[in-house]
$ cat start08.csv   # CSV, C-alpha atoms and all ligand atoms
chain,number,residue,atom,x,y,z
A,15,MET,CA,99.6,115.9,98.2
A,16,THR,CA,97.4,118.6,99.8
A,17,LYS,CA,96.0,118.6,103.3
A,18,THR,CA,92.5,118.0,102.0
A,19,ARG,CA,90.6,115.8,104.3
A,20,PHE,CA,87.7,113.7,103.2
A,21,ALA,CA,84.3,114.4,104.7
A,22,PRO,CA,83.1,111.0,105.8
A,23,THR,CA,79.6,112.4,106.2
A,24,SER,CA,77.1,114.2,104.1
A,25,PRO,CA,75.5,117.5,105.2
A,26,THR,CA,72.4,115.5,106.2
A,27,VAL,CA,74.3,113.5,108.9
A,28,ASN,CA,73.4,114.7,112.3
A,29,PRO,CA,76.0,116.8,114.2
A,30,VAL,CA,76.6,114.2,116.9
A,31,THR,CA,77.5,111.6,114.3
A,32,ARG,CA,79.7,114.1,112.4
A,33,TRP,CA,81.5,115.0,115.7
A,34,TRP,CA,82.0,111.3,116.5
A,35,GLN,CA,83.4,110.5,113.0
A,36,ALA,CA,85.7,113.5,113.1
A,37,ARG,CA,87.0,112.4,116.5
A,38,ARG,CA,87.5,108.8,115.3
A,39,LEU,CA,89.5,110.1,112.3
A,40,ARG,CA,91.6,112.4,114.5
A,41,ARG,CA,92.5,109.4,116.7
A,42,ALA,CA,93.3,107.2,113.6
A,43,LEU,CA,95.5,109.9,112.1
A,44,ALA,CA,97.4,110.1,115.4
A,45,GLY,CA,98.3,106.4,115.0
A,46,VAL,CA,100.1,106.8,111.6
A,47,ASP,CA,103.3,108.6,110.5
A,48,ALA,CA,101.9,111.1,108.0
A,49,ALA,CA,105.4,112.0,106.9
A,50,LEU,CA,105.8,108.5,105.4
A,51,TRP,CA,102.8,108.7,103.1
A,52,PRO,CA,104.6,110.4,100.1
A,53,ARG,CA,107.4,107.8,99.9
A,54,ILE,CA,105.0,104.8,100.4
A,55,ILE,CA,102.6,106.2,97.8
A,56,ALA,CA,105.5,106.6,95.3
A,57,GLU,CA,106.5,103.0,95.8
A,58,LEU,CA,103.0,101.7,94.8
A,59,PRO,CA,102.6,102.3,91.1
A,60,LEU,CA,99.0,101.2,91.2
A,61,LEU,CA,98.2,104.5,93.0
A,62,GLN,CA,99.5,106.5,90.1
A,63,GLY,CA,96.9,108.9,88.7
A,64,LEU,CA,94.9,109.4,91.8
A,65,ASP,CA,94.5,113.1,92.4
A,66,ASP,CA,95.3,114.9,95.6
A,67,THR,CA,91.8,114.7,97.0
A,68,GLU,CA,91.6,110.9,96.3
A,69,LEU,CA,95.1,110.3,97.8
A,70,ALA,CA,94.2,112.3,101.0
A,71,ARG,CA,91.0,110.2,101.2
A,72,LEU,CA,92.9,107.0,100.7
A,73,CYS,CA,95.4,107.9,103.5
A,74,ASP,CA,92.5,108.7,105.8
A,75,LEU,CA,90.9,105.4,105.0
A,76,ALA,CA,94.2,103.6,105.6
A,77,ALA,CA,94.6,105.2,109.0
A,78,LEU,CA,91.0,104.2,109.9
A,79,PHE,CA,91.7,100.7,108.6
A,80,LEU,CA,94.8,100.4,110.8
A,81,GLN,CA,92.7,101.6,113.8
A,82,ASP,CA,89.8,99.2,113.1
A,83,LYS,CA,91.8,96.1,112.1
A,84,SER,CA,94.4,94.2,114.0
A,85,LEU,CA,97.6,93.4,112.0
A,86,GLU,CA,99.2,90.4,113.7
A,87,PRO,CA,102.7,89.3,112.6
A,88,ALA,CA,103.1,85.5,113.1
A,89,ARG,CA,105.9,82.9,112.6
A,90,GLY,CA,108.6,85.5,113.1
A,91,ALA,CA,107.3,88.0,110.6
A,92,CYS,CA,108.6,91.5,111.0
A,93,LEU,CA,106.2,94.3,110.2
A,94,SER,CA,107.7,97.8,110.0
A,95,ILE,CA,105.6,101.0,110.2
A,96,PRO,CA,106.1,101.7,106.4
A,97,MET,CA,105.0,98.1,105.7
A,98,ARG,CA,101.8,98.5,107.9
A,99,GLN,CA,100.9,101.8,106.1
A,100,GLY,CA,101.7,100.4,102.6
A,101,LEU,CA,99.6,97.3,103.2
A,102,ALA,CA,96.7,99.5,104.5
A,103,LEU,CA,96.9,101.8,101.4
A,104,GLN,CA,96.6,98.7,99.1
A,105,ALA,CA,93.8,97.3,101.3
A,106,CYS,CA,91.8,100.5,101.1
A,107,LEU,CA,92.1,101.1,97.3
A,108,PRO,CA,89.2,98.8,96.4
A,109,VAL,CA,86.9,100.7,98.9
A,110,LEU,CA,88.2,104.2,98.1
A,111,ALA,CA,84.7,105.1,96.8
A,112,LEU,CA,82.7,102.6,98.8
A,113,GLY,CA,83.9,103.3,102.4
A,114,LEU,CA,85.3,101.0,105.1
A,115,GLY,CA,81.9,99.8,106.0
A,116,ARG,CA,82.3,97.2,103.2
A,117,TYR,CA,85.0,95.5,105.4
A,118,ARG,CA,82.7,95.0,108.3
A,119,GLY,CA,82.3,91.7,110.2
A,120,TRP,CA,86.0,90.8,110.6
A,121,HIS,CA,88.9,92.1,112.5
A,122,ALA,CA,92.3,90.5,112.1
A,123,LEU,CA,95.0,90.2,109.4
A,124,ILE,CA,97.5,87.5,110.2
A,125,LEU,CA,100.8,88.2,108.5
A,126,TYR,CA,103.3,85.4,107.8
A,127,PRO,CA,106.8,86.2,106.5
A,128,ASP,CA,106.4,84.1,103.4
A,129,GLU,CA,104.1,81.5,101.7
A,130,PHE,CA,102.4,79.2,104.1
A,131,VAL,CA,101.0,75.6,104.0
A,132,PRO,CA,97.8,75.2,105.9
A,133,ALA,CA,97.6,71.4,105.5
A,134,ARG,CA,94.0,70.9,106.5
A,135,GLU,CA,91.3,68.6,105.5
A,136,VAL,CA,89.0,69.8,102.7
A,137,ILE,CA,85.7,68.2,101.7
A,138,ASP,CA,85.0,68.7,98.0
A,139,GLU,CA,81.6,68.9,96.3
A,140,ASP,CA,81.5,65.2,95.7
A,141,GLY,CA,82.0,64.6,99.5
A,142,ILE,CA,85.6,63.4,99.1
A,143,VAL,CA,88.0,64.4,101.9
A,144,TRP,CA,91.5,65.4,100.9
A,145,ILE,CA,94.4,67.3,102.4
A,146,ASP,CA,95.0,70.8,101.0
A,147,ASP,CA,98.8,71.2,101.4
A,148,ALA,CA,99.4,73.6,98.6
A,149,PRO,CA,101.5,76.6,99.5
A,150,LYS,CA,99.5,79.8,99.8
A,151,SER,CA,100.2,83.5,99.6
A,152,GLY,CA,97.0,84.5,101.2
A,153,GLU,CA,93.6,83.4,102.4
A,154,ALA,CA,90.3,85.0,103.4
A,155,TRP,CA,88.1,83.2,105.9
A,156,GLU,CA,84.4,83.7,106.0
A,157,GLN,CA,83.7,85.9,109.0
A,158,GLY,CA,87.3,85.3,110.1
A,159,PRO,CA,90.7,86.7,109.4
A,160,VAL,CA,92.6,87.5,106.3
A,161,ILE,CA,96.0,85.8,106.1
A,162,LEU,CA,98.8,87.2,104.0
A,163,SER,CA,102.4,86.4,103.1
A,164,LEU,CA,104.4,89.6,103.6
A,165,ALA,CA,106.8,88.5,100.8
A,166,ASP,CA,103.8,88.5,98.5
A,167,VAL,CA,102.4,91.8,99.9
A,168,ALA,CA,105.8,93.4,98.8
A,169,ALA,CA,105.1,92.3,95.3
A,170,GLY,CA,102.3,94.9,95.2
A,171,GLN,CA,105.1,97.4,94.4
A,172,GLN,CA,104.9,96.2,90.7
A,173,ARG,CA,102.1,96.6,88.3
A,174,ASP,CA,102.0,93.1,87.0
A,175,GLY,CA,98.4,92.0,87.7
A,176,TYR,CA,99.5,90.2,90.9
A,177,ASN,CA,98.4,91.8,94.2
A,178,VAL,CA,97.6,89.5,97.1
A,179,VAL,CA,96.1,92.3,99.2
A,180,ILE,CA,93.5,93.2,96.6
A,181,HIS,CA,92.9,89.6,95.9
A,182,GLU,CA,92.0,88.6,99.4
A,183,LEU,CA,90.1,91.7,100.2
A,184,ALA,CA,88.1,91.2,97.0
A,185,HIS,CA,87.1,87.8,98.5
A,186,LYS,CA,86.0,89.7,101.7
A,187,LEU,CA,83.8,92.1,99.6
A,188,ASP,CA,82.4,89.0,97.8
A,189,MET,CA,81.6,87.4,101.2
A,190,ASP,CA,79.8,90.4,102.4
A,191,ASN,CA,76.5,88.9,101.3
A,192,GLY,CA,77.2,85.3,102.1
A,193,VAL,CA,79.7,82.8,100.6
A,194,ALA,CA,82.3,83.9,98.1
A,195,ASN,CA,80.8,83.2,94.7
A,196,GLY,CA,81.9,86.0,92.5
A,197,HIS,CA,78.7,87.9,93.0
A,198,PRO,CA,79.1,90.5,95.8
A,199,ALA,CA,76.3,92.8,97.0
A,200,LEU,CA,75.8,95.2,94.1
A,201,HIS,CA,74.7,98.9,94.2
A,202,ALA,CA,71.0,99.7,93.7
A,203,ASP,CA,71.7,101.0,90.2
A,204,MET,CA,73.3,97.8,89.1
A,205,SER,CA,71.6,94.7,87.6
A,206,ASN,CA,72.3,91.3,89.3
A,207,ARG,CA,71.2,89.6,86.2
A,208,GLN,CA,73.5,91.5,83.9
A,209,TRP,CA,76.4,91.0,86.4
A,210,ALA,CA,75.8,87.2,86.4
A,211,SER,CA,75.5,87.2,82.6
A,212,ASP,CA,78.7,89.3,81.9
A,213,LEU,CA,80.9,87.6,84.5
A,214,GLY,CA,79.5,84.1,83.8
A,215,ALA,CA,80.2,84.4,80.0
A,216,ALA,CA,83.8,85.7,80.6
A,217,TYR,CA,84.5,83.0,83.2
A,218,ASP,CA,83.3,80.3,80.7
A,219,ASP,CA,85.5,81.8,78.0
A,220,LEU,CA,88.5,81.8,80.3
A,221,CYS,CA,87.9,78.2,81.4
A,222,ARG,CA,87.8,77.2,77.7
A,223,ARG,CA,91.1,79.1,77.0
A,224,VAL,CA,92.8,77.5,80.0
A,225,ASP,CA,91.7,74.0,78.9
A,226,ALA,CA,93.0,74.7,75.4
A,227,ALA,CA,96.3,76.0,76.7
A,228,ASP,CA,96.7,73.0,79.0
A,229,GLN,CA,96.2,70.7,76.0
A,230,GLY,CA,98.6,72.7,73.7
A,231,ARG,CA,95.7,73.9,71.5
A,232,GLY,CA,96.1,77.6,72.4
A,233,PRO,CA,98.2,80.3,74.0
A,234,GLU,CA,98.3,81.1,77.7
A,235,PRO,CA,95.2,83.3,78.5
A,236,ALA,CA,95.7,87.0,79.1
A,237,ILE,CA,94.1,86.7,82.6
A,238,ASP,CA,95.9,84.6,85.2
A,239,PRO,CA,94.7,81.0,84.7
A,240,TYR,CA,94.1,80.7,88.5
A,241,ALA,CA,90.9,82.7,87.8
A,242,SER,CA,89.4,79.5,86.2
A,243,GLU,CA,89.4,77.7,89.6
A,244,SER,CA,85.9,79.1,90.5
A,245,PRO,CA,83.7,82.1,90.0
A,246,ALA,CA,85.0,83.4,93.3
A,247,GLU,CA,88.6,83.2,92.1
A,248,PHE,CA,87.6,84.8,88.8
A,249,PHE,CA,86.2,87.8,90.7
A,250,ALA,CA,89.3,88.1,92.9
A,251,VAL,CA,91.9,87.7,90.1
A,252,CYS,CA,90.0,90.1,87.8
A,253,SER,CA,89.9,92.6,90.6
A,254,GLU,CA,93.7,92.4,90.8
A,255,ALA,CA,93.8,93.0,87.0
A,256,PHE,CA,91.3,95.9,87.3
A,257,PHE,CA,93.5,97.8,89.7
A,258,GLU,CA,96.9,96.8,88.3
A,259,LEU,CA,96.4,96.1,84.5
A,260,PRO,CA,93.1,97.8,83.8
A,261,HIS,CA,93.8,98.2,80.1
A,262,LEU,CA,94.4,94.4,79.8
A,263,LEU,CA,91.1,93.6,81.5
A,264,GLN,CA,89.3,96.2,79.5
A,265,GLY,CA,90.8,94.9,76.3
A,266,VAL,CA,90.0,91.3,76.9
A,267,TYR,CA,86.8,91.4,78.9
A,268,PRO,CA,85.3,94.8,78.4
A,269,ASP,CA,81.9,93.8,79.9
A,270,VAL,CA,83.7,92.7,83.1
A,271,TYR,CA,85.6,95.9,83.2
A,272,ARG,CA,82.4,97.9,82.8
A,273,GLN,CA,80.8,95.9,85.7
A,274,PHE,CA,83.8,96.4,87.9
A,275,ARG,CA,83.9,100.1,87.1
A,276,ALA,CA,80.3,100.4,88.3
A,277,PHE,CA,80.9,98.2,91.4
A,278,TYR,CA,84.1,99.7,92.6
A,279,ARG,CA,83.0,103.2,91.4
A,280,GLN,CA,86.5,103.8,90.0
A,281,ASP,CA,88.0,103.9,86.5
A,282,PRO,CA,91.7,102.8,86.8
A,283,ALA,CA,92.1,102.6,83.0
A,284,ALA,CA,91.4,106.4,82.8
A,285,ARG,CA,94.0,107.3,85.4
A,286,LEU,CA,96.8,104.8,85.0
A,287,PRO,CA,99.3,104.7,82.1
A,288,PRO,CA,99.1,101.5,80.1
A,289,VAL,CA,101.9,99.0,80.9
A,290,ASP,CA,103.0,95.9,79.0
A,291,PRO,CA,101.2,92.8,80.2
A,292,PRO,CA,103.3,90.1,81.8
A,293,PRO,CA,105.3,87.9,79.4
A,294,GLY,CA,103.2,85.2,77.8
A,295,ARG,CA,100.0,87.1,78.3
A,296,VAL,CA,100.0,89.1,75.1
A,297,GLU,CA,98.5,86.7,72.6
A,298,GLN,CA,94.9,87.1,73.6
A,299,THR,CA,94.1,90.6,72.2
A,300,GLN,CA,90.6,90.2,70.7
A,301,PRO,CA,88.0,91.5,73.1
A,302,PHE,CA,85.5,88.9,74.2
A,303,HIS,CA,81.8,89.6,73.8
A,304,GLN,CA,79.0,87.2,74.4
B,401,ZN,ZN,91.5,83.5,96.0
$ encode --input "start08.csv" --output "structure tokens" --more "lines below"
Ligand SMILES: [Zn+2]
Amino acid sequence: MTKTRFAPTSPTVNPVTRWWQARRLRRALAGVDAALWPRIIAELPLLQGLDDTELARLCDLAALFLQDKSLEPARGACLSIPMRQGLALQACLPVLALGLGRYRGWHALILYPDEFVPAREVIDEDGIVWIDDAPKSGEAWEQGPVILSLADVAAGQQRDGYNVVIHELAHKLDMDNGVANGHPALHADMSNRQWASDLGAAYDDLCRRVDAADQGRGPEPAIDPYASESPAEFFAVCSEAFFELPHLLQGVYPDVYRQFRAFYRQDPAARLPPVDPPPGRVEQTQPFHQ
């Protein structure tokens, strides 16, 4: 990796702002162990294919992320310096081309050693109150913290389409313009109508496939069936696939891949080598088009 540093400002930014941003970056870089970056990057295969400039920018964003956010171990969790920096790299990958401003409005990541059971009352859309006591690997609260199981964070070291850090931070991006509904604030050159149409059609297709698989009428879908829980989960799960198994997402839902490429301003399928999809996810090979 070269020493290239990203320029967080354009030439039109006034000199005081540029000075302040450079000072903020210097302070953030003083808070990380730069000697650890190469080993941590090598342990995260989803970062393969990023060039030196992109990796340097990602490391700068990770340092700023660790300065801005409070990582709070709880329930006896141990968080080493390499774990902190590895978590920050994964957290910043989705905003590599967007900037940390997309993670505004929240401050804390609460880190449990393993899966956790929140056991709280939930009111569903029919007004029925029930206790949600399902074990969770992560949660993202609206205008509140992100909660992660460190055992699941460690699973980010495999490219298998499961990445709890990207999943929960995709929820945060989704919540940036209100509730999580699978429709984050898009760039000016993107169409809200086309996004809703492309993601809505793919979500409906996935729900049909999950129902068919549940009833023994079809194979397990290529995308994790948890994505059929809601449009918000579809966005978060497909974001995991976009960064970990981009060829799978591009092969099955090419319109979703195209929308994500425009939204995240990245093209992981162009930079990552293809890997075999997880066992049981190979049957759905025909691309879905509306
Ligand atoms: Zn989720």
$ closest_residue --input "start08.csv" --among "A:Ala148, A:Ala122, A:Gly63, A:Arg41" --to "Val136 (chain A)" --atoms "all atoms listed in the file"
A:Ala148
$ residues_around --input "start08.csv" --residues "Phe130 (chain A)" --least-positions-apart "3" --cutoff "8 Å" --atoms "only C-alpha atoms" --output "MDAnalysis selection string"
chainID A and resid 126 149:151 163
$ residues_near_ligand --input "start08.csv" --ligand "ligand ZN 401 (chain B)" --cutoff "10 Å" --atoms "all atoms listed in the file" --output "list in words"
Lys150, Ser151, Gly152, Glu153, Ala154, Val178, Ile180, His181, Glu182, Leu183, Ala184, His185, Ala194, Tyr240, Ala241, Glu243, Ser244, Pro245, Ala246, Glu247, Phe248, Phe249, Ala250 and Val251 of chain A
$ residues_around --input "start08.csv" --residues "region 271-284 of chain A" --least-positions-apart "2" --cutoff "8 Å" --atoms "all atoms listed in the file" --output "PyMOL selection string"
chain A and resi 108-109+111-112+200-201+204+209+212+253+256-257+259-261+263-264+267-269+286-288
$ atom_distance --input "start08.csv" --atom1 "CA of Ala70 (chain A)" --atom2 "CA of Trp33 (chain A)"
19.6 Å
$ atom_distance --input "start08.csv" --atom1 "CA of Tyr117 (chain A)" --atom2 "CA of Phe79 (chain A)"
9.1 Å
$ atom_distance --input "start08.csv" --atom1 "CA of Glu68 (chain A)" --atom2 "CA of Arg116 (chain A)"
17.9 Å
$ closest_residue --input "start08.csv" --among "A:Leu101, A:Ala255, A:Val179, A:Leu107" --to "Leu85 (chain A)" --atoms "only C-alpha atoms"
A:Leu101
$ closest_residue --input "start08.csv" --among "A:Ser242, A:Ile137, A:Ala199, A:Asp146" --to "Asp219 (chain A)" --atoms "all atoms listed in the file"
A:Ser242
$ closest_residue --input "start08.csv" --among "A:Leu80, A:Val46, A:Leu187, A:Val167" --to "Gly115 (chain A)" --atoms "all atoms listed in the file"
A:Leu187
$ closest_residue --input "start08.csv" --among "A:Ala102, A:Cys252, A:Val193, A:Leu162" --to "Val131 (chain A)" --atoms "all atoms listed in the file"
A:Leu162
$ closest_residue --input "start08.csv" --among "A:Asp82, A:Leu103, A:Cys92, A:Gly232" --to "Ala56 (chain A)" --atoms "only C-alpha atoms"
A:Leu103
